[in-house]
Amino acid sequence: MQSFPILTLCIWAPIIGGLLVMATGGDKNAKLARNLALLFSLASLAVTLPLLLDFNSSTAGFQFVERSVWVERFHIEYYLGVDGISMLFVPLTAFITVLVVLAGWEVIDTRVSQYMGAFLILSGLMVGVFCALDGALFYFFFEATLIPMYVIIGVWGGQNRVYAAFKFFLYTLAGSLLTLVAIVYLYTKSGSFDITAWHNLPLSLTEQKYIFVAFLLAFAAKVPMWPVHTWLPDAHVQAPTGGSVVLAAIMLKLGAYGFLRFSLPIAPDASRDLAGLMIALSLIAVVYIGLVALVQADMKKLVAYSSIAHMGFVTLGFFMFKDGSPIGMAVEGGIVQMISHGFISGAMFLCIGVLYDRMHTREISDYGGVVNTMPKFAAFAVLFAMANSGLPATSGFVGEFMVILGAVKFNFWVAFFAATTLIFGAAYSLWMVKRVYFGDIANDHVRHLKDIGAREFTILALLAIAVLYMGINPKPFTDVMHASVNELAQHVAKSKI
Amino acid sequence: MTATTPNLIPAYPELLLFGMIALIMLVDAFWPKAGTAENKGRALFWLSIIALALTGALSLAMLGAADRSYAFTNMFVVDQMANLLKIGAYVCVGITFVYSRRYMAERGLLSGEFYHLSLFALLGGMIMISANNFLTLYLGLELMSLSLYAMIALNRDSVISTEAAIKYFVLGALASGLLLYGLSMMYGASGTLDIAGNTTTIAKALADGVAKRNMVLFGLVFAVAGLAFKLGVVPFHMWIPDVYHGAPTPVTLMVGSAPKLAAFAMMVRLLVNGLSHVAADWQEMLVIMAVLSLALGNLGAIAQTNIKRMLAYSTISHMGFVLLGLASGVVDGNRLNAADAYGSALFYILTYTLTTLASFGMVILLSRKGFEADKLEDFKGLNSRNPWYALLMLIIMFSLTGIPPTMGFYAKLAVLQAAVAAHMTWLAVVAVVFSLIGAFYYLRVVKLMYFDEPLDHEPLVADAASRTLLSLNGAALLLLGLLPGGLMGLCVVVMRTSL
């Protein structure tokens with residue numbers, strides 16, 4: 001218990017900051033808007049620090065809890081709290097937001113205040129999703145994130161932005177509306193929207209299966225899992241760099257987080273029954289989408305498909321059951337992978353952004369030999385590509401290795417197919433690196449490229465430090481989640497029928 | 001209560017409003033010829049606002065006193081629901097007056113008739129809301145409808161307005177006829193015109209044998225058809241798009257807001273208060289109409305290029321949601337959840353009217369002399385013209401879609417919960433599937449405002465009062481989305497005391 005409402009601050013500081021940034025108005029105040037946005041994003045990051053410092057990783061319970069009545073009629077509570085599963089995502093979100101504000105510093109020159117404001121508001125809403133312990137509150141934040149992202153893709157996106165924005169919105173809304181029915185059903189059954197009460201609510205297997213499928217539709221569309229992934233490449237390609245970074249680094253995690261908070265503990269028997277389906281879908285994402293990534297000609301599309309493949313690893317980790325409970329090692333690996341992918345995919349999209357700002361093309365074939373003109377940048381880009389392919393000593397390795405270890409315990413063939421990611425990941429990442437960065441200078445445009453400046457260097461360096469630190473010393477990260485994951489595994493092992 | 005000393009206190013708001021209307025008509029008729037039209041318009045506007053404020057204060061005082069009271073030998077009832085809906089109706093009419101002043105003046109339509117017809121329509125609506133007798137109900141309905149027919153044709157040189165008025169009149173008269181026929185059947189079966197008294201006599205009639213039961217059900221079908229017409233749900237929706245499109249926008253607003261509240265009250269009075277013994281029968285009808293309205297409303301709206309028509313179809317789908325709430329009250333003869341279900345429908349219709357006011361308010365705001373902003377493409381690039389109003393319209397559209405953090409989300413949540421609690425989860429699924437389809441055309445408006453370049457670069461010309469009020473109106477949708485608890489709780493309490 002904590003008397004100071006730290007989570008409230010983490011949620012509302014960026015939202016109020018975003019509103020203030022938007023209030024600066026037109027582009028004549030662009031400078032003010034940028035500075036304010038940076039200030040608020042840094043402040044929002046600063047208020048998440050107490051979470052990291054004061055978090056007690058020896059207990060599985062919720063910490064920093066805040067609880068008060070919000071809508072009496074439906075017993076909806078303003079109920080916030082974090083455990084080892086959700087805690088790390090709060091600072092991660094705030095951190096990525098700082099980078100996004102910096103990344104859009106010079107590139108975005110129209111409607112600056114709205115751009116910065118939208119990202120800050122989005123950041124607060126996403127933190128809300130990770131902190132909410134009330135079903136209605138969770139849904140409130142989960143759905144509300146669609147609005148700023150829709151606007152971001154549609155206003156600052158590329159050529160085909162309208163199509164991508166609609167597809168993004170309608171795909172995710174389609175999934176989440178059925179979740180709304182499931183949430184309402186759970187409320188009607190239990191008389192409250194308290195998620196922790198739902199965890200202990202007895203449900204018949206049929207009920208559990210309906211609820212599991214309803215949640216699956218929402219979370220699978222968000223993650224995204226094959227075959228509802230098709231919105232992601234469109235959204236990524238069309239979104240501005242900042243939009244792609246937030247989408248890949250945080251928004252996809254909302255879906256994966258939903259599996260841990262809702263699907264597994266609320267419908268454990270259905271999860272066990274349908275785990276085979278989940279594993280199959282995840283392996284398809286890993287293998288098939290990995291192959292699809294290999295043939296992409298557009299860098300952003302390639303990284304988008306690579307995101308889907310990596311998220312397949314995450315869902316694979318969550319649904320491997322042994323003796324009736326999910327394998328703890330694999331679940332932890334999945335969560336580590338979520339955080340690591342937050343850093344790496346964010347970094348990959350930022351790298352593409354750096355090139356795109358200079359060349360205004362994302363086609364791999366328009367590049368070649370970038371290392372000759374941008375050596376500093378190429379060093380970062382190669383590091384992140386290596387991390388993306390799971391090189392040991394980078395964060396990408398840790399999560400994948402843990403999931404594969406878990407898979408070996410579960411079933412050899414699942415582990416075998418999962419391990420192909422190490423090959424495919426290396427193939428598409430490194431082949432892209434080879435074509436874009438190495439070799440002879442391909443054309444005059446590349447010849448006149450300028451290397452990254454201090455702002456871009458700072459962004460990429462911060463991410464590089466994060467990727468390497470997590471790769472070399474993953475223990476602090478796994479320590480945080482250990483107790484909560486064990487508790488979850490034990491909870492899921494108990495039947496609710 | 002004895003009938004010897006007429007107790008008029010419950011009817012004070014109506015009487016006061018009637019007195020004020022008479023005054024406004026006199027001022028309109030005897031305004032000195034030397035006075036300018038502008039001053040006259042101002043006087044009528046302020047008199048109308050004062051009339052609304054005074055009646056509003058009276059109703060508000062009565063909302064505080066929690067008991068139920070009757071007047072005119074039980075023909076007229078005032079309960080909590082009546083007070084809340086009446087206050088809602090005053091707010092609707094008042095806001096409409098403010099929004100429409102400039103618009104009507106620019107088109108030479110701001111005559112005295114606009115004010116007294118609106119107020120007469122309001123008076124009719126209030127009588128409907130408080131009706132406890134078939135006759136009172138019908139009188140109120142006709143007073144309201146006749147005033148609205150005339151208002152739609154206010155711009156008499158416009159072909160499209162006249163066509164809309166005729167269409168509304170012919171269909172409306174037919175619906176009134178159906179309703180009256182249904183009521184006469186029920187009178188035949190029960191022998192009373194009293195709605196609350198009807199409950200017991202209907203029960204007796206039902207117990208009397210199949211013949212009487214059939215008579216009641218036969219009457220019920222016609223009565224529900226009449227009610228459905230007034231609410232505008234499929235298959236009695238045909239007038240809505242044409243009337244919304246054809247009427248001058250302020251009149252559209254007048255037709256689309258307060259009368260919906262009155263129609264809602266009429267449904268509750270007749271079906272819930274009067275015919276609860278045959279709830280299983282009328283609930284079935286409501287469910288069918290709800291599904292059809294959700295389907296046709298949402299699919300129809302996609303094809304529209306005129307925003308008034310689009311909002312008309314969207315109205316149809318929203319009324320489907322209201323019916324969903326009304327159809328979830330009685331489960332297997334059990335009325336435990338009734339107050340919750342009807343309370344959710346009440347909350348939904350209040351949300352709907354508040355959103356409608358704001359959305360048509362935006363259409364009025366963008367219009368100017370000689371230019372109607374009623375095409376979807378007139379909203380193109382609004383964000384570059386005026387980011388504040390674009391943001392308001394974005395909130396309005398997301399509230400209509402039912403996305404948090406807006407009020408529309410809670411309205412949807414409440415109705416879905418009522419349906420799930422009534423063991424109609426499948427219906428909740430149908431409703432969300434169609435609201436997904438609905439999301440497309442609301443998103444399209446946001447797309448036009450934010451993603452497209454403006455076609456029109458004229459500055460907005462609205463007066464300060466309507467700008468402020470519209471901003472408050474839009475902000476209310478967001479604020480009630482963040483803190484919906486109070487109003488939601490009130491809706492349930494109100495329905496519980498009024499059942």
# chains A, B, ... in the order shown; residues from 1 in each chain; ligands from 1

call {"tool": "closest_atom_pairs", "arguments": {"of": "chain B", "to": "chain A", "cutoff": "7 Å", "atoms": "only C-alpha atoms", "output": "Markdown table"}}
result
| residue | atom | partner | partner_atom | distance |
| --- | --- | --- | --- | --- |
| B:Ile403 | CA | A:Glu143 | CA | 6.4 |
| B:Pro404 | CA | A:Ala144 | CA | 5.3 |
| B:Pro405 | CA | A:Ala144 | CA | 6.2 |
| B:Gln417 | CA | A:Val184 | CA | 5.6 |
| B:Val420 | CA | A:Tyr185 | CA | 6.2 |
| B:Ala421 | CA | A:Thr188 | CA | 6.0 |
| B:Ala428 | CA | A:Val181 | CA | 6.7 |
| B:Val429 | CA | A:Leu178 | CA | 6.8 |
| B:Val432 | CA | A:Leu177 | CA | 6.0 |
| B:Leu436 | CA | A:Ala174 | CA | 6.2 |
| B:Tyr450 | CA | A:Val155 | CA | 6.3 |
| B:Phe451 | CA | A:Val155 | CA | 5.0 |
| B:Pro484 | CA | A:Val71 | CA | 6.6 |
| B:Gly485 | CA | A:Val71 | CA | 4.2 |
| B:Met488 | CA | A:Arg73 | CA | 6.4 |
| B:Gly489 | CA | A:Arg73 | CA | 5.2 |

call {"tool": "residues_around", "arguments": {"residues": "stretch 415-430 of chain A", "least_positions_apart": "6", "cutoff": "9 Å", "atoms": "only C-alpha atoms", "output": "number ranges by chain"}}
result
A: 282-283, 286-287, 290-291, 293-296, 302-303, 306, 309-310, 313, 316, 382, 385-386, 388-391, 400-401, 403-409

call {"tool": "residues_around", "arguments": {"residues": "A:Gly317", "least_positions_apart": "3", "cutoff": "9 Å", "atoms": "only C-alpha atoms", "output": "PyMOL selection string"}}
result
chain A and resi 279+312-314+320+326-335+402-404+406-407

call {"tool": "write_last_selection", "arguments": {"atoms": "N, CA and C atoms", "output": "mmCIF file, in the first residue's frame"}}
result
data_model
loop_
_atom_site.group_PDB
_atom_site.id
_atom_site.type_symbol
_atom_site.label_atom_id
_atom_site.label_comp_id
_atom_site.auth_asym_id
_atom_site.auth_seq_id
_atom_site.Cartn_x
_atom_site.Cartn_y
_atom_site.Cartn_z
ATOM 1 N N ILE A 279 -0.740 -22.391 -29.609
ATOM 2 C CA ILE A 279 0.633 -22.742 -29.994
ATOM 3 C C ILE A 279 0.742 -22.829 -31.513
ATOM 4 N N GLY A 312 4.824 -13.620 -32.016
ATOM 5 C CA GLY A 312 4.442 -15.028 -32.016
ATOM 6 C C GLY A 312 5.200 -15.789 -30.937
ATOM 7 N N PHE A 313 6.439 -15.415 -30.757
ATOM 8 C CA PHE A 313 7.240 -16.001 -29.691
ATOM 9 C C PHE A 313 6.655 -15.722 -28.323
ATOM 10 N N VAL A 314 6.169 -14.510 -28.164
ATOM 11 C CA VAL A 314 5.595 -14.117 -26.875
ATOM 12 C C VAL A 314 4.375 -14.982 -26.564
ATOM 13 N N MET A 320 2.326 -22.640 -23.255
ATOM 14 C CA MET A 320 2.845 -23.999 -23.193
ATOM 15 C C MET A 320 2.593 -24.556 -21.803
ATOM 16 N N PRO A 326 1.078 -23.287 -16.981
ATOM 17 C CA PRO A 326 2.015 -22.794 -17.993
ATOM 18 C C PRO A 326 3.445 -22.861 -17.463
ATOM 19 N N ILE A 327 4.392 -23.141 -18.334
ATOM 20 C CA ILE A 327 5.786 -23.270 -17.908
ATOM 21 C C ILE A 327 6.319 -21.884 -17.550
ATOM 22 N N GLY A 328 6.691 -21.720 -16.277
ATOM 23 C CA GLY A 328 7.083 -20.398 -15.779
ATOM 24 C C GLY A 328 8.209 -19.772 -16.576
ATOM 25 N N MET A 329 9.208 -20.577 -16.878
ATOM 26 C CA MET A 329 10.354 -20.093 -17.639
ATOM 27 C C MET A 329 9.917 -19.479 -18.968
ATOM 28 N N ALA A 330 8.970 -20.173 -19.639
ATOM 29 C CA ALA A 330 8.538 -19.691 -20.950
ATOM 30 C C ALA A 330 7.719 -18.418 -20.818
ATOM 31 N N VAL A 331 6.881 -18.353 -19.774
ATOM 32 C CA VAL A 331 6.083 -17.137 -19.588
ATOM 33 C C VAL A 331 6.999 -15.959 -19.326
ATOM 34 N N GLU A 332 7.979 -16.182 -18.447
ATOM 35 C CA GLU A 332 8.927 -15.102 -18.179
ATOM 36 C C GLU A 332 9.666 -14.716 -19.451
ATOM 37 N N GLY A 333 10.054 -15.753 -20.220
ATOM 38 C CA GLY A 333 10.727 -15.470 -21.488
ATOM 39 C C GLY A 333 9.849 -14.604 -22.370
ATOM 40 N N GLY A 334 8.533 -14.914 -22.388
ATOM 41 C CA GLY A 334 7.615 -14.116 -23.200
ATOM 42 C C GLY A 334 7.595 -12.677 -22.749
ATOM 43 N N ILE A 335 7.555 -12.460 -21.431
ATOM 44 C CA ILE A 335 7.497 -11.073 -20.939
ATOM 45 C C ILE A 335 8.813 -10.350 -21.237
ATOM 46 N N MET A 402 14.902 -18.172 -23.417
ATOM 47 C CA MET A 402 14.066 -18.685 -22.337
ATOM 48 C C MET A 402 12.843 -19.408 -22.890
ATOM 49 N N VAL A 403 12.233 -18.835 -23.916
ATOM 50 C CA VAL A 403 11.052 -19.480 -24.494
ATOM 51 C C VAL A 403 11.448 -20.818 -25.107
ATOM 52 N N ILE A 404 12.572 -20.854 -25.789
ATOM 53 C CA ILE A 404 12.984 -22.113 -26.421
ATOM 54 C C ILE A 404 13.311 -23.153 -25.357
ATOM 55 N N GLY A 406 11.958 -23.343 -22.454
ATOM 56 C CA GLY A 406 10.651 -23.799 -21.984
ATOM 57 C C GLY A 406 10.033 -24.767 -22.962
ATOM 58 N N ALA A 407 10.183 -24.479 -24.243
ATOM 59 C CA ALA A 407 9.573 -25.308 -25.279
ATOM 60 C C ALA A 407 10.190 -26.694 -25.300
#

call {"tool": "atom_distance", "arguments": {"atom1": "atom CA of B:Val255", "atom2": "atom CA of B:Ile240"}}
result
9.6 Å

call {"tool": "residues_around", "arguments": {"residues": "B:Trp239", "least_positions_apart": "6", "cutoff": "9 Å", "atoms": "only C-alpha atoms", "output": "ChimeraX atom specification"}}
result
/B:164,167-168,171-172,229,232

call {"tool": "residues_around", "arguments": {"residues": "stretch 205-208 of chain B", "least_positions_apart": "5", "cutoff": "8 Å", "atoms": "only C-alpha atoms", "output": "MDAnalysis selection string"}}
result
chainID B and resid 189:190 213 216

call {"tool": "write_last_selection", "arguments": {"atoms": "C-alpha atoms", "output": "mmCIF file, in the first residue's frame"}}
result
data_model
loop_
_atom_site.group_PDB
_atom_site.id
_atom_site.type_symbol
_atom_site.label_atom_id
_atom_site.label_comp_id
_atom_site.auth_asym_id
_atom_site.auth_seq_id
_atom_site.Cartn_x
_atom_site.Cartn_y
_atom_site.Cartn_z
ATOM 1 C CA ALA B 189 -60.852 -5.276 -23.306
ATOM 2 C CA SER B 190 -60.243 -3.495 -20.037
ATOM 3 C CA ARG B 213 -56.450 -11.802 -24.339
ATOM 4 C CA VAL B 216 -55.463 -6.966 -25.799
#

call {"tool": "closest_residue", "arguments": {"among": "B:Ala411, B:Leu217, B:Ala464, B:Ala43", "to": "B:Tyr187", "atoms": "only C-alpha atoms"}}
result
B:Leu217

call {"tool": "residues_around", "arguments": {"residues": "B:Tyr99", "least_positions_apart": "2", "cutoff": "8 Å", "atoms": "only C-alpha atoms", "output": "compact mmCIF listing (two decimals) with N, CA and C atoms, in the first residue's frame"}}
result
# COMPACT_ATOMS: atom_id res chain seq x y z
N ILE B 95 -31.32 24.94 -25.73
CA ILE B 95 -30.08 24.89 -26.50
C ILE B 95 -30.39 25.10 -27.99
N THR B 96 -31.49 24.48 -28.44
CA THR B 96 -31.85 24.65 -29.84
C THR B 96 -32.11 26.12 -30.15
N PHE B 97 -32.78 26.82 -29.25
CA PHE B 97 -33.05 28.25 -29.49
C PHE B 97 -31.74 29.02 -29.65
N ARG B 101 -30.60 30.77 -33.48
CA ARG B 101 -30.99 32.16 -33.63
C ARG B 101 -30.37 32.80 -34.87
N ARG B 102 -29.06 32.67 -34.99
CA ARG B 102 -28.38 33.29 -36.13
C ARG B 102 -28.82 32.65 -37.43
N TYR B 103 -28.86 31.32 -37.42
CA TYR B 103 -29.21 30.58 -38.64
C TYR B 103 -30.57 31.00 -39.16
N PRO B 250 -32.26 23.84 -37.65
CA PRO B 250 -32.75 24.01 -36.28
C PRO B 250 -34.03 23.22 -36.01
N GLY B 361 -25.79 20.99 -33.80
CA GLY B 361 -25.24 22.30 -33.48
C GLY B 361 -24.03 22.61 -34.33
N ILE B 364 -25.14 23.56 -37.80
CA ILE B 364 -25.62 24.94 -37.81
C ILE B 364 -24.44 25.90 -37.73
N LEU B 365 -23.47 25.56 -36.91
CA LEU B 365 -22.31 26.43 -36.73
C LEU B 365 -21.55 26.64 -38.04
N SER B 466 -23.72 30.92 -29.06
CA SER B 466 -23.82 29.53 -29.52
C SER B 466 -22.46 28.86 -29.55
N LEU B 470 -22.02 25.52 -27.51
CA LEU B 470 -21.60 24.31 -28.23
C LEU B 470 -20.35 23.72 -27.60

call {"tool": "select_by_dssp", "arguments": {"residues": "stretch 129-352 of chain B", "states": "strand (DSSP E or B)", "output": "ChimeraX atom specification"}}
result
/B:131,133,194,306,331,334

call {"tool": "residues_around", "arguments": {"residues": "B:Leu261", "least_positions_apart": "2", "cutoff": "9 Å", "atoms": "only C-alpha atoms", "output": "MDAnalysis selection string"}}
result
chainID B and resid 85:86 88:89 125 129 231 257:259 263:266 346 349:350 353

call {"tool": "select_by_dssp", "arguments": {"residues": "stretch 318-488 of chain B", "states": "alpha helix (DSSP H)", "output": "JSON, numbers by chain"}}
result
{"B": [318, 319, 320, 321, 322, 323, 324, 325, 326, 338, 339, 340, 341, 342, 343, 344, 345, 346, 347, 348, 349, 350, 351, 352, 353, 354, 355, 356, 357, 358, 359, 360, 361, 362, 363, 364, 365, 366, 382, 383, 384, 385, 387, 388, 389, 390, 391, 392, 393, 394, 395, 396, 397, 398, 399, 400, 401, 407, 408, 409, 410, 411, 412, 413, 414, 415, 416, 417, 418, 419, 420, 421, 425, 426, 427, 428, 429, 430, 431, 432, 433, 434, 435, 436, 437, 438, 439, 440, 441, 442, 443, 444, 445, 446, 447, 448, 449, 450, 451, 464, 465, 466, 467, 468, 469, 470, 471, 472, 473, 474, 475, 476, 477, 478, 479, 480, 481, 482, 485, 486, 487, 488]}

call {"tool": "atom_distance", "arguments": {"atom1": "atom CA of A:Ser57", "atom2": "atom CA of A:Phe89"}}
result
14.9 Å

call {"tool": "closest_residue", "arguments": {"among": "B:Asn132, B:Ser118, B:Ser48, B:Thr201", "to": "B:Ser147", "atoms": "only C-alpha atoms"}}
result
B:Ser118
